[in-house]
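Below is query.tsv, which holds TSV, C-alpha atoms and all ligand atoms.
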```tsv
chain	number	residue	atom	x	y	z
A	1	MET	CA	16.75	-7.54	7.34
A	2	THR	CA	17.32	-9.41	10.57
A	3	ALA	CA	17.67	-13.10	11.28
A	4	PRO	CA	14.51	-14.87	10.08
A	5	ILE	CA	12.22	-16.23	12.80
A	6	PRO	CA	10.99	-19.55	11.30
A	7	THR	CA	7.59	-20.06	13.00
A	8	PRO	CA	6.74	-16.77	14.72
A	9	THR	CA	3.73	-16.03	16.92
A	10	VAL	CA	2.65	-12.46	16.19
A	11	LEU	CA	0.18	-9.94	17.59
A	12	GLY	CA	-1.63	-7.99	14.84
A	13	ILE	CA	-3.33	-4.61	15.31
A	14	GLU	CA	-5.76	-3.14	12.76
A	15	THR	CA	-7.23	0.37	13.18
A	16	SER	CA	-7.23	1.88	9.69
A	17	CYS	CA	-10.98	2.31	9.33
A	18	ASP	CA	-14.05	1.63	11.47
A	19	GLU	CA	-13.13	-1.69	13.06
A	20	THR	CA	-10.77	-1.98	16.01
A	21	ALA	CA	-9.29	-5.43	15.50
A	22	VAL	CA	-6.61	-7.54	17.16
A	23	GLY	CA	-5.40	-10.98	16.14
A	24	VAL	CA	-2.78	-13.47	17.25
A	25	VAL	CA	-1.38	-15.81	14.59
A	26	ARG	CA	1.24	-18.54	14.69
A	27	LEU	CA	2.90	-19.28	11.37
A	28	GLY	CA	3.32	-23.04	10.92
A	29	ALA	CA	6.30	-24.72	9.31
A	30	ASP	CA	3.99	-25.55	6.37
A	31	GLY	CA	3.44	-21.81	5.79
A	32	ARG	CA	-0.10	-21.83	7.10
A	33	GLY	CA	-1.21	-19.12	9.53
A	34	GLU	CA	-2.95	-20.61	12.55
A	35	VAL	CA	-5.33	-18.08	14.10
A	36	LEU	CA	-5.02	-18.26	17.90
A	37	ALA	CA	-7.36	-15.29	18.40
A	38	SER	CA	-9.17	-12.75	16.23
A	39	LEU	CA	-11.32	-10.10	17.90
A	40	VAL	CA	-13.15	-7.27	16.16
A	41	ALA	CA	-14.86	-4.36	17.92
A	42	SER	CA	-17.11	-2.83	15.28
A	43	GLN	CA	-17.94	0.87	15.36
A	44	VAL	CA	-20.92	0.54	13.04
A	45	ALA	CA	-23.37	1.81	15.68
A	46	ALA	CA	-21.26	4.93	16.32
A	47	HIS	CA	-21.19	5.89	12.63
A	48	ALA	CA	-24.71	4.79	11.63
A	49	PRO	CA	-26.39	8.13	12.55
A	50	PHE	CA	-24.06	9.85	10.06
A	51	GLY	CA	-24.61	7.33	7.25
A	52	GLY	CA	-20.86	6.80	6.86
A	53	VAL	CA	-17.56	6.63	8.72
A	54	VAL	CA	-16.62	9.83	10.58
A	55	PRO	CA	-12.80	9.83	10.86
A	56	GLU	CA	-12.52	11.59	14.21
A	57	ILE	CA	-15.17	9.40	15.85
A	58	ALA	CA	-13.30	6.36	14.50
A	59	ALA	CA	-9.95	7.50	15.92
A	60	ARG	CA	-11.42	8.24	19.35
A	61	ALA	CA	-13.18	4.89	19.49
A	62	HIS	CA	-9.92	3.06	18.67
A	63	VAL	CA	-8.25	4.84	21.63
A	64	GLU	CA	-11.03	3.68	23.94
A	65	VAL	CA	-11.13	-0.02	23.09
A	66	LEU	CA	-7.76	-1.03	21.67
A	67	ASP	CA	-5.81	-1.80	24.87
A	68	GLY	CA	-8.62	-3.91	26.31
A	69	LEU	CA	-8.92	-5.79	23.03
A	70	VAL	CA	-5.18	-6.59	23.04
A	71	ARG	CA	-5.52	-7.96	26.57
A	72	ARG	CA	-8.49	-10.14	25.62
A	73	ALA	CA	-6.88	-11.42	22.42
A	74	LEU	CA	-3.73	-12.50	24.30
A	75	ASP	CA	-5.86	-14.23	26.95
A	76	GLU	CA	-7.90	-16.01	24.29
A	77	ALA	CA	-4.76	-17.05	22.42
A	78	GLY	CA	-3.29	-18.40	25.64
A	79	VAL	CA	-0.04	-16.52	25.14
A	80	GLY	CA	1.13	-13.61	27.25
A	81	PHE	CA	3.31	-10.82	25.89
A	82	GLY	CA	6.19	-13.20	26.68
A	83	GLY	CA	4.85	-15.72	24.16
A	84	LEU	CA	5.07	-13.28	21.25
A	85	ASP	CA	7.87	-13.16	18.69
A	86	GLY	CA	6.78	-9.85	17.21
A	87	VAL	CA	4.15	-7.12	16.91
A	88	ALA	CA	2.50	-6.11	13.64
A	89	ALA	CA	0.35	-3.01	13.20
A	90	THR	CA	-1.34	-1.49	10.16
A	91	ALA	CA	0.72	1.57	9.20
A	92	GLY	CA	-1.53	2.56	6.27
A	93	PRO	CA	-3.27	3.18	3.98
A	94	GLY	CA	-6.37	4.40	5.77
A	95	LEU	CA	-7.86	7.10	7.96
A	96	ILE	CA	-4.73	8.61	9.44
A	97	GLY	CA	-6.06	9.26	12.96
A	98	GLY	CA	-6.96	5.62	13.38
A	99	VAL	CA	-3.75	4.36	11.78
A	100	MET	CA	-1.73	6.46	14.27
A	101	VAL	CA	-3.58	4.98	17.25
A	102	GLY	CA	-2.85	1.38	16.22
A	103	LEU	CA	0.71	1.98	15.05
A	104	MET	CA	1.62	3.79	18.28
A	105	ALA	CA	0.13	0.99	20.36
A	106	GLY	CA	2.17	-1.52	18.36
A	107	LYS	CA	5.36	0.50	18.78
A	108	ALA	CA	4.78	0.88	22.52
A	109	ILE	CA	4.38	-2.88	22.97
A	110	ALA	CA	7.43	-3.57	20.79
A	111	LEU	CA	9.54	-1.06	22.75
A	112	ALA	CA	8.40	-2.19	26.19
A	113	ARG	CA	8.80	-5.90	25.45
A	114	GLY	CA	11.86	-5.70	23.22
A	115	LEU	CA	9.97	-7.26	20.30
A	116	PRO	CA	10.49	-6.65	16.58
A	117	LEU	CA	7.92	-4.36	14.95
A	118	VAL	CA	6.36	-4.92	11.53
A	119	ALA	CA	4.60	-1.89	10.01
A	120	VAL	CA	2.07	-3.64	7.78
A	121	ASN	CA	0.43	-2.36	4.62
A	122	HIS	CA	-3.31	-2.97	5.17
A	123	LEU	CA	-3.65	-4.11	1.56
A	124	GLU	CA	-0.93	-6.71	2.05
A	125	GLY	CA	-3.04	-8.02	4.94
A	126	HIS	CA	-6.01	-8.44	2.61
A	127	ALA	CA	-3.80	-9.90	-0.12
A	128	LEU	CA	-2.47	-12.62	2.19
A	129	SER	CA	-5.77	-13.22	4.05
A	130	PRO	CA	-6.76	-16.36	2.09
A	131	ARG	CA	-3.70	-18.05	3.60
A	132	LEU	CA	-5.36	-17.83	7.04
A	133	ALA	CA	-7.95	-20.37	5.98
A	134	GLY	CA	-5.68	-22.94	4.41
A	135	PRO	CA	-2.64	-23.38	2.22
A	136	VAL	CA	-3.02	-21.15	-0.82
A	137	PRO	CA	0.22	-21.20	-2.82
A	138	PHE	CA	1.51	-18.18	-4.73
A	139	PRO	CA	0.72	-16.91	-7.28
A	140	TYR	CA	-2.97	-16.08	-7.39
A	141	LEU	CA	-5.30	-13.41	-8.73
A	142	LEU	CA	-6.93	-11.34	-5.99
A	143	LEU	CA	-10.06	-9.22	-6.32
A	144	LEU	CA	-10.29	-6.95	-3.28
A	145	VAL	CA	-13.68	-5.26	-3.02
A	146	SER	CA	-14.36	-3.37	0.21
A	147	GLY	CA	-15.66	-0.02	1.38
A	148	GLY	CA	-12.31	1.60	0.72
A	149	HIS	CA	-10.81	-0.40	-2.13
A	150	SER	CA	-11.60	-2.05	-5.44
A	151	GLN	CA	-8.49	-3.62	-6.93
A	152	LEU	CA	-7.34	-6.59	-8.96
A	153	LEU	CA	-3.87	-7.76	-7.92
A	154	ALA	CA	-1.53	-10.46	-9.13
A	155	VAL	CA	-0.18	-11.79	-5.82
A	156	GLU	CA	3.15	-13.27	-6.88
A	157	GLY	CA	4.79	-13.73	-3.48
A	158	LEU	CA	5.37	-11.98	-0.17
A	159	GLY	CA	5.89	-8.31	-1.00
A	160	ARG	CA	5.41	-8.97	-4.71
A	161	TYR	CA	2.09	-7.54	-5.88
A	162	ARG	CA	1.26	-6.33	-9.35
A	163	ARG	CA	-1.82	-4.18	-9.65
A	164	LEU	CA	-3.78	-5.17	-12.73
A	165	GLY	CA	-6.72	-2.84	-12.14
A	166	SER	CA	-8.13	-0.35	-9.68
A	167	THR	CA	-11.12	1.94	-9.35
A	168	ILE	CA	-10.80	5.33	-10.98
A	169	ASP	CA	-13.43	6.81	-8.67
A	170	ASP	CA	-15.52	5.11	-5.94
A	171	ALA	CA	-14.86	1.76	-4.30
A	172	LEU	CA	-17.64	-0.77	-4.89
A	173	GLY	CA	-18.58	-1.00	-1.19
A	174	GLU	CA	-18.87	2.77	-1.16
A	175	ALA	CA	-21.21	2.61	-4.20
A	176	PHE	CA	-23.29	-0.02	-2.37
A	177	ASP	CA	-23.47	2.17	0.73
A	178	LYS	CA	-24.35	5.36	-1.14
A	179	SER	CA	-26.94	3.63	-3.34
A	180	ALA	CA	-28.53	2.10	-0.25
A	181	LYS	CA	-28.74	5.54	1.34
A	182	VAL	CA	-30.52	6.92	-1.75
A	183	LEU	CA	-33.00	4.04	-1.46
A	184	GLY	CA	-33.69	4.83	2.19
A	185	LEU	CA	-31.94	1.66	3.42
A	186	PRO	CA	-29.97	1.60	6.70
A	187	TYR	CA	-26.19	1.84	7.10
A	188	PRO	CA	-24.06	-0.15	6.32
A	189	GLY	CA	-25.79	-0.32	3.00
A	190	GLY	CA	-24.22	-3.40	1.40
A	191	PRO	CA	-26.06	-6.08	3.39
A	192	ALA	CA	-29.29	-4.03	3.43
A	193	LEU	CA	-29.21	-3.55	-0.34
A	194	GLU	CA	-28.55	-7.25	-0.91
A	195	ALA	CA	-31.53	-8.16	1.27
A	196	ALA	CA	-33.79	-5.68	-0.55
A	197	ALA	CA	-32.67	-7.01	-3.94
A	198	ARG	CA	-33.94	-10.51	-3.17
A	199	THR	CA	-37.51	-9.57	-4.08
A	200	GLY	CA	-36.54	-7.29	-6.97
A	201	ARG	CA	-36.26	-7.75	-10.73
A	202	ALA	CA	-32.69	-7.37	-11.94
A	203	ASP	CA	-33.85	-6.22	-15.39
A	204	ALA	CA	-36.30	-3.61	-14.10
A	205	TRP	CA	-33.90	-0.69	-14.56
A	206	PRO	CA	-31.29	-0.60	-17.36
A	207	LEU	CA	-28.46	0.85	-15.26
A	208	PRO	CA	-25.05	1.62	-16.83
A	209	ARG	CA	-22.12	-0.81	-16.70
A	210	PRO	CA	-19.13	1.59	-16.58
A	211	LEU	CA	-16.04	0.47	-18.56
A	212	LEU	CA	-17.71	-2.84	-19.55
A	213	GLY	CA	-15.97	-4.29	-22.60
A	214	ARG	CA	-13.22	-1.66	-22.53
A	215	PRO	CA	-9.58	-2.81	-22.48
A	216	GLY	CA	-7.85	-3.26	-19.14
A	217	ALA	CA	-9.08	-4.14	-15.69
A	218	ASP	CA	-9.83	-0.78	-14.06
A	219	PHE	CA	-13.21	-0.07	-12.49
A	220	SER	CA	-15.53	2.91	-12.28
A	221	PHE	CA	-18.61	3.00	-10.06
A	222	ALA	CA	-19.45	6.70	-9.69
A	223	GLY	CA	-21.73	6.75	-12.76
A	224	LEU	CA	-23.61	3.68	-11.56
A	225	LYS	CA	-24.24	5.32	-8.21
A	226	THR	CA	-25.55	8.47	-9.92
A	227	ALA	CA	-27.80	6.34	-12.14
A	228	VAL	CA	-29.32	4.80	-8.99
A	229	LEU	CA	-30.19	8.30	-7.78
A	230	ARG	CA	-31.85	9.13	-11.14
A	231	ALA	CA	-33.78	5.82	-11.09
A	232	ALA	CA	-35.01	6.54	-7.56
A	233	GLU	CA	-36.17	10.01	-8.63
A	234	ALA	CA	-37.92	8.58	-11.69
A	235	ALA	CA	-39.63	5.85	-9.67
A	236	ALA	CA	-40.81	8.38	-7.07
A	237	ALA	CA	-42.09	10.72	-9.78
A	238	ALA	CA	-43.97	7.84	-11.43
A	239	ARG	CA	-45.76	7.30	-8.13
A	240	GLY	CA	-46.88	10.92	-8.08
A	241	GLY	CA	-44.24	12.35	-5.76
A	242	ASP	CA	-42.01	15.26	-6.67
A	243	GLY	CA	-39.17	12.81	-7.11
A	244	SER	CA	-37.23	14.33	-4.25
A	245	GLY	CA	-36.60	11.44	-1.97
A	246	ALA	CA	-36.45	7.85	-0.90
A	247	GLY	CA	-39.53	8.36	1.29
A	248	GLU	CA	-41.68	8.36	-1.86
A	249	LEU	CA	-40.50	4.96	-3.07
A	250	ALA	CA	-42.65	1.86	-2.79
A	251	ALA	CA	-40.96	-1.26	-1.41
A	252	GLN	CA	-41.08	-2.82	-4.90
A	253	ASP	CA	-39.26	0.18	-6.39
A	254	VAL	CA	-36.51	-0.19	-3.79
A	255	ALA	CA	-36.24	-3.93	-4.48
A	256	ASP	CA	-36.16	-3.45	-8.27
A	257	ILE	CA	-33.53	-0.71	-8.21
A	258	ALA	CA	-31.44	-2.68	-5.69
A	259	ALA	CA	-31.58	-5.82	-7.86
A	260	SER	CA	-30.73	-3.82	-10.98
A	261	PHE	CA	-27.77	-2.19	-9.22
A	262	GLN	CA	-26.44	-5.53	-8.04
A	263	ALA	CA	-26.74	-7.03	-11.52
A	264	ALA	CA	-24.83	-4.10	-13.02
A	265	ALA	CA	-22.11	-4.39	-10.35
A	266	ALA	CA	-21.78	-8.16	-10.93
A	267	ASP	CA	-21.55	-7.65	-14.71
A	268	VAL	CA	-18.78	-5.09	-14.30
A	269	LEU	CA	-16.80	-7.21	-11.82
A	270	ALA	CA	-17.00	-10.29	-14.04
A	271	ASP	CA	-15.92	-8.31	-17.12
A	272	ARG	CA	-12.97	-6.60	-15.44
A	273	THR	CA	-11.87	-9.76	-13.61
A	274	GLY	CA	-12.04	-11.64	-16.92
A	275	HIS	CA	-9.58	-9.15	-18.38
A	276	ALA	CA	-7.21	-9.58	-15.42
A	277	MET	CA	-7.34	-13.35	-16.00
A	278	ASP	CA	-5.89	-12.68	-19.46
A	279	ASP	CA	-2.59	-11.59	-17.82
A	280	ALA	CA	0.35	-13.70	-19.02
A	281	LEU	CA	0.96	-15.01	-15.48
A	282	PHE	CA	-2.25	-17.02	-15.68
A	283	THR	CA	-1.62	-18.74	-18.99
A	284	ASP	CA	0.03	-21.48	-16.88
A	285	PRO	CA	-2.89	-23.64	-15.66
A	286	ALA	CA	-0.98	-24.24	-12.39
A	287	HIS	CA	-1.32	-20.52	-11.63
A	288	ARG	CA	-5.08	-20.29	-12.15
A	289	ARG	CA	-6.29	-19.51	-8.67
A	290	PHE	CA	-8.73	-16.67	-7.98
A	291	VAL	CA	-9.43	-15.18	-4.55
A	292	VAL	CA	-12.14	-12.64	-3.72
A	293	ALA	CA	-11.78	-10.69	-0.46
A	294	GLY	CA	-13.15	-7.55	1.20
A	295	GLY	CA	-16.57	-6.86	2.68
A	296	VAL	CA	-18.39	-6.96	-0.68
A	297	ALA	CA	-17.19	-10.56	-1.12
A	298	ALA	CA	-20.04	-11.47	1.24
A	299	ASN	CA	-22.56	-10.64	-1.50
A	300	LEU	CA	-24.04	-13.90	-2.82
A	301	THR	CA	-25.07	-12.56	-6.24
A	302	ILE	CA	-21.54	-11.28	-6.82
A	303	ARG	CA	-19.98	-14.48	-5.49
A	304	ALA	CA	-22.13	-16.64	-7.76
A	305	ARG	CA	-21.18	-14.53	-10.76
A	306	LEU	CA	-17.46	-14.78	-10.00
A	307	GLU	CA	-17.72	-18.52	-9.38
A	308	ALA	CA	-19.33	-18.96	-12.79
A	309	LEU	CA	-16.54	-16.90	-14.36
A	310	CYS	CA	-13.92	-19.09	-12.68
A	311	ALA	CA	-15.62	-22.26	-13.87
A	312	ALA	CA	-15.70	-20.92	-17.43
A	313	ARG	CA	-12.05	-19.84	-17.35
A	314	GLY	CA	-10.58	-22.84	-15.52
A	315	PHE	CA	-9.69	-20.97	-12.32
A	316	ALA	CA	-10.06	-22.39	-8.81
A	317	PHE	CA	-12.44	-20.12	-6.87
A	318	LEU	CA	-11.35	-19.33	-3.33
A	319	ALA	CA	-13.05	-17.05	-0.83
A	320	PRO	CA	-11.67	-16.70	2.69
A	321	PRO	CA	-14.22	-17.23	5.48
A	322	LEU	CA	-16.27	-14.06	5.94
A	323	ALA	CA	-14.51	-13.36	9.25
A	324	TYR	CA	-11.29	-12.81	7.29
A	325	CYS	CA	-12.90	-11.04	4.31
A	326	GLY	CA	-13.63	-7.81	6.17
A	327	ASP	CA	-11.05	-5.93	8.20
A	328	ASN	CA	-9.50	-8.06	10.94
A	329	GLY	CA	-6.39	-8.29	13.09
A	330	ALA	CA	-5.50	-11.85	12.09
A	331	MET	CA	-4.61	-10.83	8.53
A	332	ILE	CA	-2.28	-8.13	9.88
A	333	ALA	CA	-0.71	-10.64	12.28
A	334	LEU	CA	-0.22	-13.08	9.38
A	335	ALA	CA	1.42	-10.43	7.20
A	336	GLY	CA	3.70	-9.61	10.14
A	337	ALA	CA	4.49	-13.28	10.74
A	338	GLU	CA	5.32	-13.91	7.08
A	339	ARG	CA	7.60	-10.87	7.08
A	340	LEU	CA	9.38	-11.93	10.28
A	341	ALA	CA	9.86	-15.41	8.83
A	342	ALA	CA	11.55	-13.71	5.87
A	343	GLY	CA	13.73	-11.57	8.16
A	344	LEU	CA	11.88	-8.34	7.39
A	345	VAL	CA	11.34	-5.89	10.27
A	346	ASP	CA	10.71	-2.16	10.59
A	347	SER	CA	12.33	0.38	12.85
A	348	LEU	CA	10.43	2.21	15.59
A	349	ASP	CA	10.37	5.39	13.50
A	350	ALA	CA	8.20	3.74	10.80
A	351	PRO	CA	5.73	6.38	9.55
A	352	ALA	CA	1.92	6.26	9.51
A	353	ARG	CA	0.91	6.57	5.86
A	354	PRO	CA	-2.53	7.74	4.68
A	355	ARG	CA	-1.59	6.59	1.16
A	356	TRP	CA	0.54	3.56	0.54
A	357	PRO	CA	0.17	1.71	-2.74
A	358	LEU	CA	1.07	-1.98	-2.69
A	359	ASP	CA	2.39	-1.74	-6.21
A	360	ALA	CA	4.30	1.55	-6.25
A	361	ALA	CA	5.08	1.30	-9.95
A	362	ALA	CA	1.44	0.93	-10.99
A	363	ALA	CA	0.31	3.71	-8.67
A	364	THR	CA	2.37	6.29	-10.52
A	365	THR	CA	0.89	5.28	-13.86
A	366	ALA	CA	-2.70	4.09	-14.22
A	367	PRO	CA	-5.31	4.93	-13.19
A	368	ALA	CA	-4.50	8.62	-13.18
A	369	THR	CA	-7.52	9.97	-11.39
A	370	LEU	CA	-7.35	8.44	-7.91
A	371	LYS	CA	-8.97	10.74	-5.40
A	372	PRO	CA	-9.78	10.42	-1.71
A	373	GLY	CA	-12.91	8.43	-0.93
A	374	ARG	CA	-15.35	8.13	1.94
A	375	LYS	CA	-12.96	5.93	3.86
A	376	GLY	CA	-10.05	8.27	3.41
A	377	ALA	CA	-7.16	8.26	1.06
A	378	ARG	CA	-6.95	5.57	-1.54
A	379	ALA	CA	-4.01	3.29	-1.97
B	401	LIG	O1	-13.82	-4.96	4.07
B	401	LIG	P1	-14.86	-4.21	4.83
B	401	LIG	O2	-15.46	-4.87	6.03
B	401	LIG	O3	-14.27	-2.86	5.36
B	401	LIG	C1	-13.54	-1.99	4.56
B	401	LIG	O4	-14.17	-1.21	3.82
B	401	LIG	O5	-12.30	-2.05	4.60
B	401	LIG	O6	-15.97	-3.79	3.78
B	401	LIG	C2	-17.11	-3.05	4.15
B	401	LIG	C3	-17.91	-2.79	2.90
B	401	LIG	C4	-19.07	-1.83	3.14
B	401	LIG	O7	-19.10	-0.90	2.08
B	401	LIG	C5	-20.27	-2.76	3.11
B	401	LIG	O8	-21.47	-2.11	2.69
B	401	LIG	C6	-19.84	-3.81	2.11
B	401	LIG	O9	-18.47	-4.02	2.42
B	401	LIG	N1	-20.60	-5.04	2.27
B	401	LIG	C7	-21.41	-5.56	1.31
B	401	LIG	C8	-22.02	-6.70	1.87
B	401	LIG	N2	-21.56	-6.85	3.15
B	401	LIG	C9	-20.68	-5.82	3.37
B	401	LIG	N3	-21.65	-5.15	0.05
B	401	LIG	C10	-22.51	-5.89	-0.67
B	401	LIG	N4	-23.16	-6.99	-0.21
B	401	LIG	C11	-22.95	-7.43	1.04
B	401	LIG	N5	-23.60	-8.51	1.50
B	402	ZN	ZN	-9.79	-3.36	4.45
```

Before we go any further, please render this structure as structure tokens.
Ligand code: KG4
Ligand code: ZN
Amino acid sequence: MTAPIPTPTVLGIETSCDETAVGVVRLGADGRGEVLASLVASQVAAHAPFGGVVPEIAARAHVEVLDGLVRRALDEAGVGFGGLDGVAATAGPGLIGGVMVGLMAGKAIALARGLPLVAVNHLEGHALSPRLAGPVPFPYLLLLVSGGHSQLLAVEGLGRYRRLGSTIDDALGEAFDKSAKVLGLPYPGGPALEAAARTGRADAWPLPRPLLGRPGADFSFAGLKTAVLRAAEAAAAARGGDGSGAGELAAQDVADIAASFQAAAADVLADRTGHAMDDALFTDPAHRRFVVAGGVAANLTIRARLEALCAARGFAFLAPPLAYCGDNGAMIALAGAERLAAGLVDSLDAPARPRWPLDAAAATTAPATLKPGRKGARA
């Protein structure tokens, strides 16, 4: 703890996956984070030939662009280093090479300018991200669905997160990306699969809905992804191919399987989120706020399904603007600013952490089978 800084202006650095991102945020007296700048340098083109994120390529790309992005973000924000009250950098969880690049840059700026450092948990950045768009009071229910994470969290206050559910295998974005690949769609697969699904029939393929109707709020998507592969093989075989690849699929097959996959994913999300809404915290109508964040939150079929669920259950539906749904520096700056306002800082020997659960208690209990995913270690 140090003396709280009431309305800090903070630089935020995010390098835990495949976006190099820098934001500058000023925390207002009303608790709202004003975004002075938010720049994202996407590495999608560098990873596309490999059909997924290659950790070493990601780390090298962060080294190349990060300093220039910091310079541009400060210029855009109209504050120099002298106008900052602190520096926040993602210290995990994520791909460790990238995390080290951003955290070291943050430490170097903090050391050189004599500024406090906040080592931010990437998931806390996502959890607080709705507060960038407007005043969202605590508590709320958060569904985070990205390429690296699928979690339901009760966000009770700064630093107070209770994990209600988490994936026991793949993240949903990962399942979107892998299913898209099987269907011969380009990387990143989520937007491509959504576009393909528009002309498909959602009931064409009876794909599994893992854990649907089971107690609790955990997710599982690995079986759904495998079922997409089997459906693609069956569709190719029905068209006279040997069932070996996406090249044998007709456009209608791709559309039908994509639409069926999306329907299954939406069913599962609505079911699991419904269970999380049963948590005692949300029996108070004043607490019934639901936020969806992460890259998959861009999906309109999924959004519509979650909005309908909220309407049925009496929850306000909130989705941050898409710019703050995916990885960005502003959410890291906001987390840093909220921590500085509460007098929370980290020392310059703060570690880079490939794994870093937001809710340490839940992480040691359920779900038991967390394993590393495409985007590195899970939280
Ligand atoms: O949050 P994000 O930008 O990065 C992290 O993974 O942290 O999320 C990226 C993920 C990718 O898996 C991408 O395919 C998925 O979000 N995604 C979508 C859509 N747009 C992005 N998934 C489904 N439908 C979309 N429209
Ligand atoms: Zn993220």

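The environment of Ala48 in chain A within 12 Å, counting all atoms listed in the file and disregarding residues fewer than 6 places along the same chain, consists of Asp18, Ser42, Val54, Ile57, Ala58, Asp177, Lys181, Leu185, Pro186, Tyr187, Pro188 and Gly189 of chain A.
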
Report task. Throw together the list of residues within 9 Å of ligand ZN 402 (chain B), counting all atoms listed in the file, and drop it here as a PyMOL selection string. Result -> chain A and resi 16-17+94+122-123+125-126+144-149+294-295+325-328

Export of prior selection with C-alpha atoms as a PDB file, in the coordinates of the input:
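Writing done, so here's result-v8.pdb:
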```pdb
ATOM      1  CA  SER A  16      -7.230   1.880   9.690  1.00  0.00           C
ATOM      2  CA  CYS A  17     -10.980   2.310   9.330  1.00  0.00           C
ATOM      3  CA  GLY A  94      -6.370   4.400   5.770  1.00  0.00           C
ATOM      4  CA  HIS A 122      -3.310  -2.970   5.170  1.00  0.00           C
ATOM      5  CA  LEU A 123      -3.650  -4.110   1.560  1.00  0.00           C
ATOM      6  CA  GLY A 125      -3.040  -8.020   4.940  1.00  0.00           C
ATOM      7  CA  HIS A 126      -6.010  -8.440   2.610  1.00  0.00           C
ATOM      8  CA  LEU A 144     -10.290  -6.950  -3.280  1.00  0.00           C
ATOM      9  CA  VAL A 145     -13.680  -5.260  -3.020  1.00  0.00           C
ATOM     10  CA  SER A 146     -14.360  -3.370   0.210  1.00  0.00           C
ATOM     11  CA  GLY A 147     -15.660  -0.020   1.380  1.00  0.00           C
ATOM     12  CA  GLY A 148     -12.310   1.600   0.720  1.00  0.00           C
ATOM     13  CA  HIS A 149     -10.810  -0.400  -2.130  1.00  0.00           C
ATOM     14  CA  GLY A 294     -13.150  -7.550   1.200  1.00  0.00           C
ATOM     15  CA  GLY A 295     -16.570  -6.860   2.680  1.00  0.00           C
ATOM     16  CA  CYS A 325     -12.900 -11.040   4.310  1.00  0.00           C
ATOM     17  CA  GLY A 326     -13.630  -7.810   6.170  1.00  0.00           C
ATOM     18  CA  ASP A 327     -11.050  -5.930   8.200  1.00  0.00           C
ATOM     19  CA  ASN A 328      -9.500  -8.060  10.940  1.00  0.00           C
TER      20      ASN A 328
END
```

Query raised in the report: Counting only C-alpha atoms, which residues come within 10 Å of (-5.6, -20.1, 7.6), with the point read in the file's coordinates, and could you list them as a ChimeraX atom specification?
Result: /A:25-28,31-35,128-136,320-321,324,330-331,334

**Report entry** Contacts of range 276-287 of chain A at 8 Å (all atoms listed in the file; same-chain gap of 2+ positions) as a PyMOL selection string
**Finding:** chain A and resi 138-141+152+164-165+216-217+272-274+289+314

I'd like the neighbourhood of Ala108 in chain A as a PDB file with C-alpha atoms, keeping the file's coordinate frame, where a residue qualifies if any of its atoms comes within 12 Å (using all atoms listed in the file), though same-chain residues fewer than 3 positions away should be ignored.
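Output below, filename around-v1.pdb:
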```
ATOM      1  CA  ASP A  67      -5.810  -1.800  24.870  1.00  0.00           C
ATOM      2  CA  VAL A  87       4.150  -7.120  16.910  1.00  0.00           C
ATOM      3  CA  ALA A  88       2.500  -6.110  13.640  1.00  0.00           C
ATOM      4  CA  ALA A  89       0.350  -3.010  13.200  1.00  0.00           C
ATOM      5  CA  MET A 100      -1.730   6.460  14.270  1.00  0.00           C
ATOM      6  CA  VAL A 101      -3.580   4.980  17.250  1.00  0.00           C
ATOM      7  CA  GLY A 102      -2.850   1.380  16.220  1.00  0.00           C
ATOM      8  CA  LEU A 103       0.710   1.980  15.050  1.00  0.00           C
ATOM      9  CA  MET A 104       1.620   3.790  18.280  1.00  0.00           C
ATOM     10  CA  ALA A 105       0.130   0.990  20.360  1.00  0.00           C
ATOM     11  CA  LEU A 111       9.540  -1.060  22.750  1.00  0.00           C
ATOM     12  CA  ALA A 112       8.400  -2.190  26.190  1.00  0.00           C
ATOM     13  CA  ARG A 113       8.800  -5.900  25.450  1.00  0.00           C
ATOM     14  CA  GLY A 114      11.860  -5.700  23.220  1.00  0.00           C
ATOM     15  CA  LEU A 115       9.970  -7.260  20.300  1.00  0.00           C
ATOM     16  CA  PRO A 116      10.490  -6.650  16.580  1.00  0.00           C
ATOM     17  CA  LEU A 117       7.920  -4.360  14.950  1.00  0.00           C
ATOM     18  CA  LEU A 348      10.430   2.210  15.590  1.00  0.00           C
ATOM     19  CA  ASP A 349      10.370   5.390  13.500  1.00  0.00           C
TER      20      ASP A 349
END
```

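The space separating CA of Leu153 in chain A from CA of Leu193 in chain A comes to 26.8 Å.
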
Query raised in the report: Which of these residues is nearest to Ile109 in chain A, using only C-alpha atoms: A:Ile13, A:Leu358, A:Ala235, A:Val40?
Result: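 That would be A:Ile13, the residue with the smallest distance to Ile109 in chain A.
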
Query raised in the report: Quick one: of A:Ala263, A:Ala29, A:Ala3, A:Ala298, who's nearest to ligand LIG 401 (chain B), counting only C-alpha atoms and all ligand atoms?
Result: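 Closest candidate: A:Ala298.
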
Query raised in the report: For the atom pair CA of Glu248 in chain A and CA of Pro191 in chain A, what is the interatomic distance in Å to one decimal place?
Result: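 Atom-to-atom, CA of Glu248 in chain A and CA of Pro191 in chain A are spaced 21.9 Å apart.
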
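Candidate residues A:Gly23, A:Pro206, A:Pro93, A:Pro6 were compared for distance to ligand LIG 401 (chain B), and the nearest is A:Pro93, using all atoms listed in the file.
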
Query raised in the report: Which of these, A:Ser179, A:Ser38, A:Thr7, A:Ser220, has the shortest distance to ligand LIG 401 (chain B) once you count all atoms listed in the file?
Result: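 So, comparing all the options, the nearest one is A:Ser179.
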
Query raised in the report: Nearest to Ala352 in chain A: which of A:Ala127, A:Val99, A:Leu158, A:Leu211 is it, counting only C-alpha atoms?
Result: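 Counting only C-alpha atoms, the residue closest to Ala352 in chain A is A:Val99.
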